[in-house]
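protein39.txt follows; it contains compact mmCIF, C-alpha atoms.
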# COMPACT_ATOMS: atom_id res chain seq x y z
CA MET A 1 -19.98 -164.34 58.82
CA ASN A 2 -20.42 -161.69 61.49
CA LEU A 3 -21.82 -162.18 64.97
CA LEU A 4 -25.42 -161.64 63.86
CA ASP A 5 -25.10 -164.21 61.06
CA ARG A 6 -23.67 -166.82 63.41
CA TYR A 7 -26.26 -166.13 66.11
CA LEU A 8 -29.24 -166.31 63.73
CA LEU A 9 -27.94 -169.39 61.96
CA ALA A 10 -27.17 -171.22 65.21
CA GLU A 11 -30.62 -170.51 66.68
CA TRP A 12 -32.35 -171.65 63.50
CA LEU A 13 -30.29 -174.83 63.08
CA LYS A 14 -31.03 -175.87 66.67
CA MET A 15 -34.76 -175.48 66.14
CA LEU A 16 -34.55 -177.16 62.73
CA GLY A 17 -32.80 -180.17 64.25
CA LEU A 18 -35.43 -180.49 66.97
CA LEU A 19 -38.30 -180.31 64.48
CA LEU A 20 -36.66 -182.78 62.12
CA ALA A 21 -36.19 -185.24 64.96
CA ALA A 22 -39.77 -184.74 66.17
CA THR A 23 -41.39 -185.14 62.75
CA MET A 24 -39.25 -188.13 61.81
CA GLY A 25 -40.14 -189.73 65.13
CA LEU A 26 -43.83 -189.09 64.48
CA LEU A 27 -43.56 -190.63 61.02
CA LEU A 28 -41.74 -193.62 62.48
CA MET A 29 -44.55 -194.16 64.98
CA THR A 30 -47.12 -193.93 62.18
CA SER A 31 -45.18 -196.42 60.07
CA LEU A 32 -44.89 -198.79 63.03
CA TYR A 33 -48.63 -198.57 63.60
CA ASP A 34 -49.39 -199.27 59.93
CA GLU A 35 -46.89 -202.04 59.20
CA LEU A 36 -45.63 -203.66 62.39
CA ARG A 37 -48.73 -205.81 62.78
CA ASP A 38 -48.28 -207.19 59.25
CA PHE A 39 -44.72 -208.23 60.05
CA THR A 40 -45.61 -209.83 63.37
CA GLN A 41 -48.43 -211.81 61.76
CA ILE A 42 -45.96 -213.52 59.42
CA ASN A 43 -43.44 -214.06 62.28
CA ALA A 44 -40.76 -211.85 60.74
CA ALA A 45 -37.45 -211.72 62.62
CA MET A 46 -36.96 -208.66 64.81
CA GLY A 47 -33.64 -207.89 63.12
CA ASP A 48 -35.31 -207.83 59.70
CA ILE A 49 -38.07 -205.55 61.01
CA LEU A 50 -35.61 -203.09 62.53
CA LEU A 51 -33.50 -203.09 59.36
CA TYR A 52 -36.59 -202.43 57.23
CA PHE A 53 -37.71 -199.42 59.27
CA ALA A 54 -34.14 -198.10 59.46
CA THR A 55 -33.80 -198.15 55.68
CA SER A 56 -37.30 -196.85 54.93
CA MET A 57 -37.22 -193.73 57.14
CA PRO A 58 -34.69 -191.69 55.07
CA SER A 59 -37.22 -191.66 52.21
CA ASN A 60 -39.32 -189.22 54.29
CA LEU A 61 -36.58 -186.60 54.53
CA THR A 62 -37.57 -184.72 51.38
CA VAL A 63 -41.13 -184.37 52.71
CA VAL A 64 -40.15 -183.46 56.25
CA LEU A 65 -37.37 -180.98 55.44
CA PRO A 66 -39.45 -178.13 53.90
CA LEU A 67 -42.11 -178.27 56.62
CA SER A 68 -39.51 -178.35 59.40
CA MET A 69 -37.67 -175.46 57.79
CA LEU A 70 -40.81 -173.33 57.61
CA LEU A 71 -41.88 -173.95 61.21
CA SER A 72 -38.38 -173.43 62.60
CA LEU A 73 -37.90 -170.19 60.67
CA LEU A 74 -41.28 -168.86 61.81
CA PHE A 75 -40.47 -169.64 65.40
CA VAL A 76 -36.93 -168.20 65.45
CA LEU A 77 -37.65 -165.05 63.44
CA GLY A 78 -40.95 -164.54 65.23
CA LYS A 79 -39.14 -164.71 68.55
CA LEU A 80 -36.64 -162.10 67.40
CA HIS A 81 -39.49 -159.86 66.28
CA ARG A 82 -41.44 -160.15 69.53
CA ASN A 83 -38.31 -159.31 71.52
CA ASN A 84 -37.79 -156.22 69.32
CA GLU A 85 -34.42 -157.57 68.21
CA LEU A 86 -35.32 -157.13 64.54
CA THR A 87 -36.34 -153.54 65.27
CA ALA A 88 -32.93 -152.90 66.83
CA ILE A 89 -31.17 -154.51 63.87
CA ARG A 90 -33.09 -152.31 61.41
CA ALA A 91 -32.31 -149.26 63.52
CA ALA A 92 -28.63 -150.12 63.12
CA GLY A 93 -29.05 -149.69 59.35
CA LEU A 94 -29.43 -153.30 58.21
CA ASN A 95 -32.27 -154.20 55.86
CA ILE A 96 -34.12 -157.51 55.91
CA PHE A 97 -31.89 -159.10 53.26
CA SER A 98 -28.69 -158.21 55.11
CA THR A 99 -30.19 -159.52 58.34
CA THR A 100 -31.20 -162.88 56.91
CA ARG A 101 -28.32 -163.44 54.47
CA SER A 102 -27.02 -166.40 56.47
CA LEU A 103 -30.43 -168.05 56.13
CA TRP A 104 -30.39 -167.53 52.36
CA LEU A 105 -26.93 -169.08 52.11
CA ALA A 106 -28.11 -171.99 54.22
CA GLY A 107 -31.13 -172.31 51.93
CA ILE A 108 -28.87 -172.62 48.88
CA VAL A 109 -26.88 -175.32 50.66
CA LEU A 110 -30.10 -177.14 51.58
CA CYS A 111 -31.20 -177.03 47.92
CA GLY A 112 -28.05 -178.99 47.16
CA VAL A 113 -28.85 -181.32 50.05
CA SER A 114 -32.36 -181.83 48.65
CA LEU A 115 -30.89 -182.66 45.25
CA LEU A 116 -28.54 -185.17 46.87
CA LEU A 117 -31.41 -186.70 48.83
CA ASN A 118 -33.57 -187.07 45.71
CA ALA A 119 -30.74 -188.41 43.58
CA ARG A 120 -29.00 -190.73 46.07
CA VAL A 121 -30.39 -191.18 49.54
CA VAL A 122 -34.13 -191.44 48.86
CA PRO A 123 -33.76 -193.83 45.88
CA TRP A 124 -31.53 -196.06 48.00
CA SER A 125 -34.04 -195.94 50.85
CA VAL A 126 -37.09 -196.65 48.67
CA GLU A 127 -35.52 -199.46 46.66
CA THR A 128 -33.68 -201.11 49.58
CA SER A 129 -36.67 -201.03 51.95
CA ARG A 130 -38.95 -202.40 49.21
CA SER A 131 -36.47 -205.19 48.51
CA LEU A 132 -36.25 -206.00 52.23
CA ARG A 133 -40.02 -206.05 52.56
CA ASP A 134 -40.36 -208.35 49.56
CA THR A 135 -37.67 -210.64 50.95
CA ILE A 136 -39.48 -210.88 54.28
CA LEU A 137 -42.79 -211.66 52.55
CA PHE A 138 -41.21 -214.22 50.20
CA ARG A 139 -39.52 -215.91 53.14
CA ALA A 140 -42.86 -216.11 54.93
CA GLU A 141 -44.44 -217.66 51.82
CA ALA A 142 -41.59 -220.18 51.62
CA GLU A 143 -42.13 -221.14 55.25
CA LYS A 144 -45.83 -221.69 54.56
CA ALA A 145 -44.90 -223.82 51.58
CA ALA A 146 -42.51 -225.88 53.70
CA SER A 147 -45.26 -226.47 56.26
CA GLY A 148 -47.67 -227.61 53.55
CA ALA A 149 -50.01 -224.64 53.91
CA GLN A 150 -49.49 -223.81 50.22
CA PRO A 151 -47.73 -225.33 47.19
CA ALA A 152 -44.00 -225.83 47.78
CA ASP A 153 -43.06 -224.80 44.23
CA ALA A 154 -40.67 -221.84 43.99
CA ASP A 155 -42.62 -220.65 40.95
CA SER A 156 -45.61 -219.95 43.18
CA LEU A 157 -43.68 -217.56 45.45
CA GLY A 158 -43.78 -213.78 45.02
CA LEU A 159 -46.41 -213.94 42.32
CA VAL A 160 -47.59 -210.85 40.46
CA THR A 161 -50.75 -211.45 38.48
CA THR A 162 -52.09 -209.84 35.32
CA MET A 163 -49.14 -207.83 34.02
CA ALA A 164 -49.51 -205.77 30.85
CA PHE A 165 -46.73 -203.83 29.15
CA ASP A 166 -47.15 -201.70 26.04
CA ASN A 167 -43.75 -201.26 24.40
CA ARG A 168 -44.73 -198.63 21.86
CA PRO A 169 -41.18 -197.78 20.71
CA GLN A 170 -40.86 -201.34 19.38
CA ASN A 171 -44.59 -201.90 18.71
CA ARG A 172 -44.97 -204.84 21.06
CA MET A 173 -47.70 -205.55 23.60
CA TRP A 174 -47.08 -207.99 26.45
CA PHE A 175 -49.67 -209.80 28.57
CA ILE A 176 -48.46 -212.02 31.41
CA ASN A 177 -50.90 -214.01 33.51
CA ARG A 178 -48.48 -214.68 36.39
CA TYR A 179 -44.88 -213.67 37.11
CA SER A 180 -42.81 -215.09 39.97
CA GLN A 181 -40.41 -212.56 41.45
CA VAL A 182 -38.54 -215.41 43.16
CA SER A 183 -37.91 -217.75 40.21
CA GLY A 184 -38.08 -215.04 37.53
CA LYS A 185 -40.47 -217.11 35.42
CA ALA A 186 -43.53 -215.81 33.59
CA PHE A 187 -46.60 -217.98 32.95
CA GLY A 188 -49.37 -217.53 30.44
CA VAL A 189 -47.40 -215.16 28.19
CA THR A 190 -48.81 -213.47 25.10
CA VAL A 191 -46.71 -211.11 22.96
CA SER A 192 -48.31 -209.25 20.06
CA GLU A 193 -46.14 -207.55 17.45
CA MET A 194 -47.79 -204.71 15.53
CA ASP A 195 -47.06 -202.52 12.55
CA ALA A 196 -46.73 -198.72 12.55
CA GLN A 197 -50.55 -198.38 12.50
CA ARG A 198 -50.82 -200.58 15.61
CA ARG A 199 -52.27 -203.50 13.68
CA GLU A 200 -51.32 -206.97 14.84
CA LYS A 201 -48.86 -208.86 12.64
CA THR A 202 -47.77 -211.79 14.80
CA ARG A 203 -48.71 -213.22 18.17
CA LEU A 204 -46.64 -215.53 20.33
CA MET A 205 -48.38 -217.46 23.11
CA ALA A 206 -46.44 -219.59 25.57
CA ARG A 207 -47.13 -221.55 28.71
CA GLU A 208 -43.89 -220.33 30.28
CA ALA A 209 -41.14 -217.79 29.57
CA THR A 210 -37.85 -216.75 31.16
CA TYR A 211 -35.64 -213.69 30.72
CA ASP A 212 -31.87 -214.01 30.24
CA THR A 213 -30.34 -210.97 31.91
CA ALA A 214 -26.92 -211.44 30.29
CA ALA A 215 -28.23 -211.93 26.75
CA ARG A 216 -31.17 -209.55 27.28
CA SER A 217 -33.58 -211.89 25.53
CA TRP A 218 -36.65 -213.98 26.32
CA THR A 219 -37.03 -217.72 25.87
CA LEU A 220 -40.58 -219.03 25.45
CA LEU A 221 -41.58 -222.63 26.17
CA ASP A 222 -44.46 -224.77 24.96
CA GLY A 223 -46.24 -222.25 22.80
CA ARG A 224 -47.67 -221.28 19.47
CA GLU A 225 -46.82 -218.53 16.96
CA LEU A 226 -49.58 -216.95 14.88
CA TRP A 227 -49.28 -214.75 11.76
CA PHE A 228 -52.05 -212.30 10.81
CA ASP A 229 -52.85 -210.20 7.79
CA PRO A 230 -52.63 -206.62 9.16
CA GLU A 231 -55.03 -205.32 6.55
CA LEU A 232 -57.81 -207.87 7.08
CA GLY A 233 -57.00 -209.06 10.59
CA GLU A 234 -57.34 -212.68 9.49
CA LEU A 235 -55.21 -215.55 10.72
CA MET A 236 -52.80 -216.68 7.99
CA ARG A 237 -50.62 -219.33 9.67
CA SER A 238 -50.15 -221.05 13.00
CA VAL A 239 -47.08 -223.02 14.18
CA THR A 240 -46.43 -224.67 17.54
CA PHE A 241 -43.03 -224.77 19.24
CA GLU A 242 -41.48 -226.37 22.30
CA LYS A 243 -38.79 -223.76 22.85
CA LYS A 244 -38.20 -220.45 21.11
CA THR A 245 -35.59 -217.81 21.98
CA VAL A 246 -36.33 -214.37 20.56
CA PRO A 247 -33.14 -212.24 20.65
CA TYR A 248 -34.92 -208.94 19.99
CA PHE A 249 -37.43 -209.42 22.82
CA ASN A 250 -35.32 -207.31 25.20
CA GLU A 251 -37.99 -206.00 27.58
CA ASP A 252 -36.63 -206.18 31.13
CA PRO A 253 -39.18 -207.74 33.53
CA SER A 254 -38.07 -205.37 36.30
CA LEU A 255 -39.16 -202.44 34.10
CA MET A 256 -42.43 -204.23 33.35
CA LEU A 257 -43.07 -204.58 37.08
CA LEU A 258 -42.40 -200.88 37.69
CA VAL A 259 -44.77 -199.71 34.96
CA GLY A 260 -47.41 -202.37 35.41
CA THR A 261 -47.68 -202.74 39.18
CA LYS A 262 -46.28 -199.60 40.88
CA ARG A 263 -47.79 -196.16 41.26
CA ALA A 264 -45.68 -193.15 40.32
CA GLN A 265 -45.62 -191.87 43.92
CA ASP A 266 -44.23 -195.24 45.11
CA LEU A 267 -41.19 -195.12 42.83
CA SER A 268 -37.79 -193.64 43.49
CA PHE A 269 -36.23 -190.84 41.46
CA ASN A 270 -33.94 -193.31 39.67
CA GLU A 271 -36.85 -195.59 38.77
CA LEU A 272 -38.86 -192.68 37.42
CA LYS A 273 -35.83 -191.55 35.42
CA ARG A 274 -35.49 -195.05 34.00
CA ILE A 275 -39.13 -195.17 32.92
CA THR A 276 -39.22 -191.68 31.41
CA GLY A 277 -35.90 -192.29 29.65
CA TYR A 278 -37.08 -195.58 28.15
CA PHE A 279 -40.23 -193.98 26.76
CA ALA A 280 -38.69 -190.57 26.04
CA ALA A 281 -39.97 -190.38 22.47
CA GLU A 282 -43.46 -191.66 23.26
CA LYS A 283 -46.73 -189.90 24.09
CA ASN A 284 -48.18 -192.80 26.03
CA PRO A 285 -51.02 -191.47 28.25
CA LYS A 286 -50.24 -194.09 30.89
CA LEU A 287 -46.73 -192.69 31.35
CA ILE A 288 -47.59 -189.02 31.73
CA GLY A 289 -48.15 -189.49 35.47
CA TYR A 290 -44.61 -190.82 35.82
CA GLU A 291 -43.24 -187.79 33.97
CA VAL A 292 -45.17 -185.38 36.19
CA ARG A 293 -43.83 -187.11 39.29
CA TYR A 294 -40.27 -187.12 37.90
CA TYR A 295 -40.24 -183.41 37.11
CA GLY A 296 -41.98 -182.68 40.41
CA MET A 297 -39.11 -184.27 42.31
CA LEU A 298 -36.65 -182.17 40.32
CA PHE A 299 -38.46 -178.90 41.07
CA SER A 300 -38.87 -179.85 44.74
CA THR A 301 -35.15 -179.19 45.23
CA LEU A 302 -36.01 -175.47 45.15
CA GLY A 303 -38.20 -175.97 48.21
CA PRO A 304 -35.72 -174.61 50.82
CA LEU A 305 -35.38 -171.25 49.05
CA ILE A 306 -39.16 -170.98 48.56
CA VAL A 307 -39.72 -171.75 52.25
CA ILE A 308 -37.29 -169.03 53.31
CA ALA A 309 -38.88 -166.54 50.92
CA ILE A 310 -42.28 -167.21 52.53
CA ALA A 311 -41.19 -167.53 56.15
CA VAL A 312 -39.24 -164.27 56.37
CA PRO A 313 -42.19 -161.95 55.51
CA PHE A 314 -44.50 -163.90 57.85
CA ALA A 315 -42.05 -163.72 60.71
CA VAL A 316 -41.18 -160.01 60.49
CA SER A 317 -44.63 -158.59 59.78
CA GLY A 318 -47.19 -158.70 62.51
CA VAL A 319 -46.10 -161.72 64.55
CA ARG A 320 -45.70 -159.78 67.80
CA VAL A 321 -47.66 -161.84 70.28
CA ASN A 322 -47.57 -165.55 69.53
CA PRO A 323 -45.66 -167.65 66.98
CA VAL A 324 -48.80 -169.74 66.55
CA VAL A 325 -50.06 -166.97 64.25
CA GLY A 326 -47.21 -167.62 61.84
CA VAL A 327 -47.64 -171.38 62.21
CA SER A 328 -51.32 -171.12 61.28
CA LYS A 329 -50.42 -169.08 58.21
CA SER A 330 -47.81 -171.64 57.21
CA ILE A 331 -50.33 -174.45 57.53
CA GLY A 332 -52.67 -172.48 55.29
CA LEU A 333 -49.90 -172.06 52.72
CA PHE A 334 -49.12 -175.76 52.77
CA VAL A 335 -52.81 -176.52 52.21
CA ILE A 336 -52.78 -174.13 49.24
CA TYR A 337 -49.60 -175.74 47.91
CA TYR A 338 -51.11 -179.22 48.35
CA ILE A 339 -54.26 -178.21 46.45
CA LEU A 340 -52.23 -176.58 43.67
CA SER A 341 -49.94 -179.61 43.44
CA ASN A 342 -52.84 -182.04 43.14
CA LEU A 343 -54.61 -179.80 40.63
CA ALA A 344 -51.47 -179.46 38.51
CA THR A 345 -50.84 -183.22 38.69
CA LEU A 346 -54.41 -183.88 37.56
CA LEU A 347 -54.10 -181.44 34.66
CA GLY A 348 -50.75 -182.95 33.66
CA THR A 349 -51.99 -186.54 33.90
CA LYS A 350 -55.04 -185.73 31.78
CA GLY A 351 -52.81 -184.16 29.14
CA TYR A 352 -54.13 -180.60 29.49
CA VAL A 353 -50.70 -179.33 30.58
CA GLU A 354 -47.23 -180.50 29.64
CA PRO A 355 -45.69 -182.65 32.44
CA VAL A 356 -42.81 -180.22 33.05
CA TRP A 357 -45.23 -177.29 33.46
CA ALA A 358 -47.57 -179.35 35.63
CA ALA A 359 -44.66 -180.02 37.96
CA ALA A 360 -43.46 -176.40 37.86
CA MET A 361 -46.84 -174.69 38.39
CA PRO A 362 -47.12 -175.14 42.20
CA ASN A 363 -43.53 -174.01 42.74
CA LEU A 364 -43.92 -171.00 40.44
CA ALA A 365 -47.13 -170.06 42.27
CA MET A 366 -45.36 -170.19 45.62
CA ILE A 367 -42.44 -168.13 44.26
CA GLY A 368 -44.92 -165.52 43.04
CA LEU A 369 -46.66 -165.52 46.42
CA ALA A 370 -43.33 -165.08 48.20
CA ALA A 371 -42.40 -162.18 45.92
CA TRP A 372 -45.74 -160.52 46.71
CA PHE A 373 -45.13 -160.88 50.45
CA PHE A 374 -41.65 -159.38 50.11
CA GLY A 375 -43.10 -156.51 48.10
CA ARG A 376 -45.31 -155.63 51.07
CA LEU A 377 -42.37 -155.39 53.50
CA ARG A 378 -41.45 -151.96 54.67

The structure given in the file should be rewritten as structure tokens.
Amino acid sequence: MNLLDRYLLAEWLKMLGLLLAATMGLLLMTSLYDELRDFTQINAAMGDILLYFATSMPSNLTVVLPLSMLLSLLFVLGKLHRNNELTAIRAAGLNIFSTTRSLWLAGIVLCGVSLLLNARVVPWSVETSRSLRDTILFRAEAEKAASGAQPADADSLGLVTTMAFDNRPQNRMWFINRYSQVSGKAFGVTVSEMDAQRREKTRLMAREATYDTAARSWTLLDGRELWFDPELGELMRSVTFEKKTVPYFNEDPSLMLLVGTKRAQDLSFNELKRITGYFAAEKNPKLIGYEVRYYGMLFSTLGPLIVIAIAVPFAVSGVRVNPVVGVSKSIGLFVIYYILSNLATLLGTKGYVEPVWAAAMPNLAMIGLAAWFFGRLR
């Protein structure tokens, strides 16, 4: 790296660090405003609150990084342009690519950083902060139970109501009235087994059920098993049971919770990968949104290079008076990207576009826009 490369990179990294700190601080204040009152109302310990916010903030890095990159690049390059430094550099015989090569190299490195964030840091942040939040809430429920404000039964803590899980690969449909995340017990369980034409063959109904993690099987208590004629839909036989272990009922309740109770945008990259991998061979309409989100997180790793490709033409063409001009253009681009992203997600979720193309469309559009801007450079 020559003197120009080091100077440009150092100026940009300083501004990038300041913007990252400012935006992360702003997001922290917003999170405190939204959630701190909820924690104080249940008398959560200050140490638990601080730990929760410390673990949840890294999940915002993938959102903050592209915006901070764009604003910092516009400011630094715009400043060079206004001071006629870029004009002097071009007069020395360097073109725009030679001038900004250190930024492009940094962009490639930041693509790797984005991949690392999506694959490691953000999943850890999302899953750990969610677990901490649930622990705080469950502890508060237990304290209420101990004080007599609610039933003191562990099965009543951390309840999730009305869970449904359609296991199409194995042609099973689950309905659970209540599931305790503390005791791991399900109540009011109905499991329907169907044939290839999705016609019901058997139905198991139980008052209570538990999942054995080691054996990967469910045990149902105090229930009834029904057999149906798939052709006619008529009940053929009915048998009661006190306890029944079904070895091939291997649906993990943690996966049921992810699919049945969490939105795609609330899940980590690893959780989305788990869901899409489990249903890889299925065309379940309910799961398309998870696929769009999963592929979107993969394509988002190209964000740093796209940002540089957009920022450089903005900064070196016409921003002679005030960097706010470039900032306003960047905000407009982000609005366009947001609209395209939501439109592509809608099209993908409705099945009009394949999930991988729905995730790629906004990024491809921005790459095309950046290429058009570069084509206009002189």

Report task. Identify, on the basis of all atoms listed in the file, every residue whose closest approach to segment 297-302 of chain A does not exceed 10 Å; exclude the query and any residue fewer than 2 positions from it along the same chain; express the result as a PyMOL selection string. Result -> chain A and resi 62-63+66+107-108+110-119+268-269+272+291-295+304-307+356+359-364+367

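What separates atom CA of Thr219 of chain A from atom CA of Lys243 of chain A is a distance of 7.0 Å.
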
Report summary line: Shortest contact to Ser131 of chain A, candidates A:Asp38, A:Asp48, A:Glu11, A:Asp252, atoms counted all atoms listed in the file, goes to A:Asp48

**Report entry** Long-range neighbours of segment 162-179 of chain A as a PyMOL selection string, 6 Å cut-off, all atoms listed in the file, 3 positions minimum in chain
**Finding:** chain A and resi 159+185-194+260

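The closest residue to Val109 of chain A, picked from A:Glu271, A:Pro313, A:Phe53, A:Gly303 and counting all atoms listed in the file, is A:Gly303.
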
Report task. Take atom CA of Ser254 of chain A and atom CA of Thr345 of chain A and report the distance between them in Å, one decimal. Result -> 25.7 Å

Query raised in the report: How many Å lie between atom CA of Val126 of chain A and atom CA of Leu343 of chain A, rounded to one decimal?
Result: 25.6 Å

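For the choices A:Gly368, A:Gly277, A:Pro58, A:Gly348, the atom-to-atom distance to Pro123 of chain A is smallest for A:Pro58 when using all atoms listed in the file.
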
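Residues within 12 Å of Ile288 of chain A, counting only C-alpha atoms and excluding same-chain residues fewer than 6 positions away, are A:Val259, A:Arg263, A:Ala264, A:Leu272, A:Ile275, A:Thr276, A:Phe279, A:Ala280, A:Glu282, A:Tyr294, A:Tyr295, A:Thr345, A:Leu346, A:Leu347, A:Gly348, A:Thr349, A:Lys350, A:Gly351, A:Tyr352, A:Val353, A:Glu354, A:Pro355, A:Val356, A:Ala358, A:Ala359.
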
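Counting all atoms listed in the file, the residue from A:Arg6, A:Leu70, A:Met57, A:Ser238 that sits nearest to Leu26 of chain A is A:Met57.
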
Could you give me the centre and size, in Å to one decimal, of an axis-aligned box around all listed atoms of segment 157-174 of chain A with 5 Å added on every side, as AutoDock Vina command-line options?
--center_x -46.5 --center_y -207.7 --center_z 32.1 --size_x 21.2 --size_y 29.8 --size_z 36.7

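Taking all atoms listed in the file into account, Tyr52 of chain A lies nearest to A:Leu132 out of the set A:Leu36, A:Leu235, A:Ala196, A:Leu132.
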
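Minimum distance to Ala106 of chain A across A:Leu61, A:Leu73, A:Val160, A:Ala344 (counting all atoms listed in the file) occurs at A:Leu73.
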
Write segment 111-122 of chain A as an mmCIF file, keeping the file's coordinate frame, completed to N, CA, C and O atoms.
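Result file rebuild_33.cif:
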data_model
loop_
_atom_site.group_PDB
_atom_site.id
_atom_site.type_symbol
_atom_site.label_atom_id
_atom_site.label_comp_id
_atom_site.auth_asym_id
_atom_site.auth_seq_id
_atom_site.Cartn_x
_atom_site.Cartn_y
_atom_site.Cartn_z
ATOM 1 N N CYS A 111 -30.742 -176.630 49.263
ATOM 2 C CA CYS A 111 -31.200 -177.030 47.920
ATOM 3 C C CYS A 111 -30.287 -178.116 47.367
ATOM 4 O O CYS A 111 -30.761 -179.095 46.761
ATOM 5 N N GLY A 112 -28.972 -177.939 47.571
ATOM 6 C CA GLY A 112 -28.050 -178.990 47.160
ATOM 7 C C GLY A 112 -28.259 -180.275 47.933
ATOM 8 O O GLY A 112 -28.165 -181.378 47.380
ATOM 9 N N VAL A 113 -28.563 -180.134 49.233
ATOM 10 C CA VAL A 113 -28.850 -181.320 50.050
ATOM 11 C C VAL A 113 -30.105 -182.020 49.546
ATOM 12 O O VAL A 113 -30.154 -183.260 49.463
ATOM 13 N N SER A 114 -31.122 -181.244 49.186
ATOM 14 C CA SER A 114 -32.360 -181.830 48.650
ATOM 15 C C SER A 114 -32.094 -182.572 47.348
ATOM 16 O O SER A 114 -32.640 -183.660 47.121
ATOM 17 N N LEU A 115 -31.240 -181.985 46.495
ATOM 18 C CA LEU A 115 -30.890 -182.660 45.250
ATOM 19 C C LEU A 115 -30.164 -183.969 45.529
ATOM 20 O O LEU A 115 -30.435 -184.994 44.891
ATOM 21 N N LEU A 116 -29.259 -183.953 46.498
ATOM 22 C CA LEU A 116 -28.540 -185.170 46.870
ATOM 23 C C LEU A 116 -29.491 -186.217 47.444
ATOM 24 O O LEU A 116 -29.382 -187.410 47.130
ATOM 25 N N LEU A 117 -30.438 -185.759 48.265
ATOM 26 C CA LEU A 117 -31.410 -186.700 48.830
ATOM 27 C C LEU A 117 -32.244 -187.352 47.736
ATOM 28 O O LEU A 117 -32.453 -188.572 47.736
ATOM 29 N N ASN A 118 -32.734 -186.525 46.789
ATOM 30 C CA ASN A 118 -33.570 -187.070 45.710
ATOM 31 C C ASN A 118 -32.792 -187.984 44.774
ATOM 32 O O ASN A 118 -33.345 -188.958 44.245
ATOM 33 N N ALA A 119 -31.517 -187.658 44.556
ATOM 34 C CA ALA A 119 -30.740 -188.410 43.580
ATOM 35 C C ALA A 119 -30.086 -189.657 44.172
ATOM 36 O O ALA A 119 -29.895 -190.654 43.460
ATOM 37 N N ARG A 120 -29.765 -189.628 45.476
ATOM 38 C CA ARG A 120 -29.000 -190.730 46.070
ATOM 39 C C ARG A 120 -29.692 -191.390 47.244
ATOM 40 O O ARG A 120 -29.966 -192.584 47.233
ATOM 41 N N VAL A 121 -29.950 -190.600 48.272
ATOM 42 C CA VAL A 121 -30.390 -191.180 49.540
ATOM 43 C C VAL A 121 -31.796 -191.766 49.438
ATOM 44 O O VAL A 121 -32.037 -192.919 49.819
ATOM 45 N N VAL A 122 -32.743 -190.971 48.938
ATOM 46 C CA VAL A 122 -34.130 -191.440 48.860
ATOM 47 C C VAL A 122 -34.281 -192.630 47.915
ATOM 48 O O VAL A 122 -34.963 -193.605 48.263
#
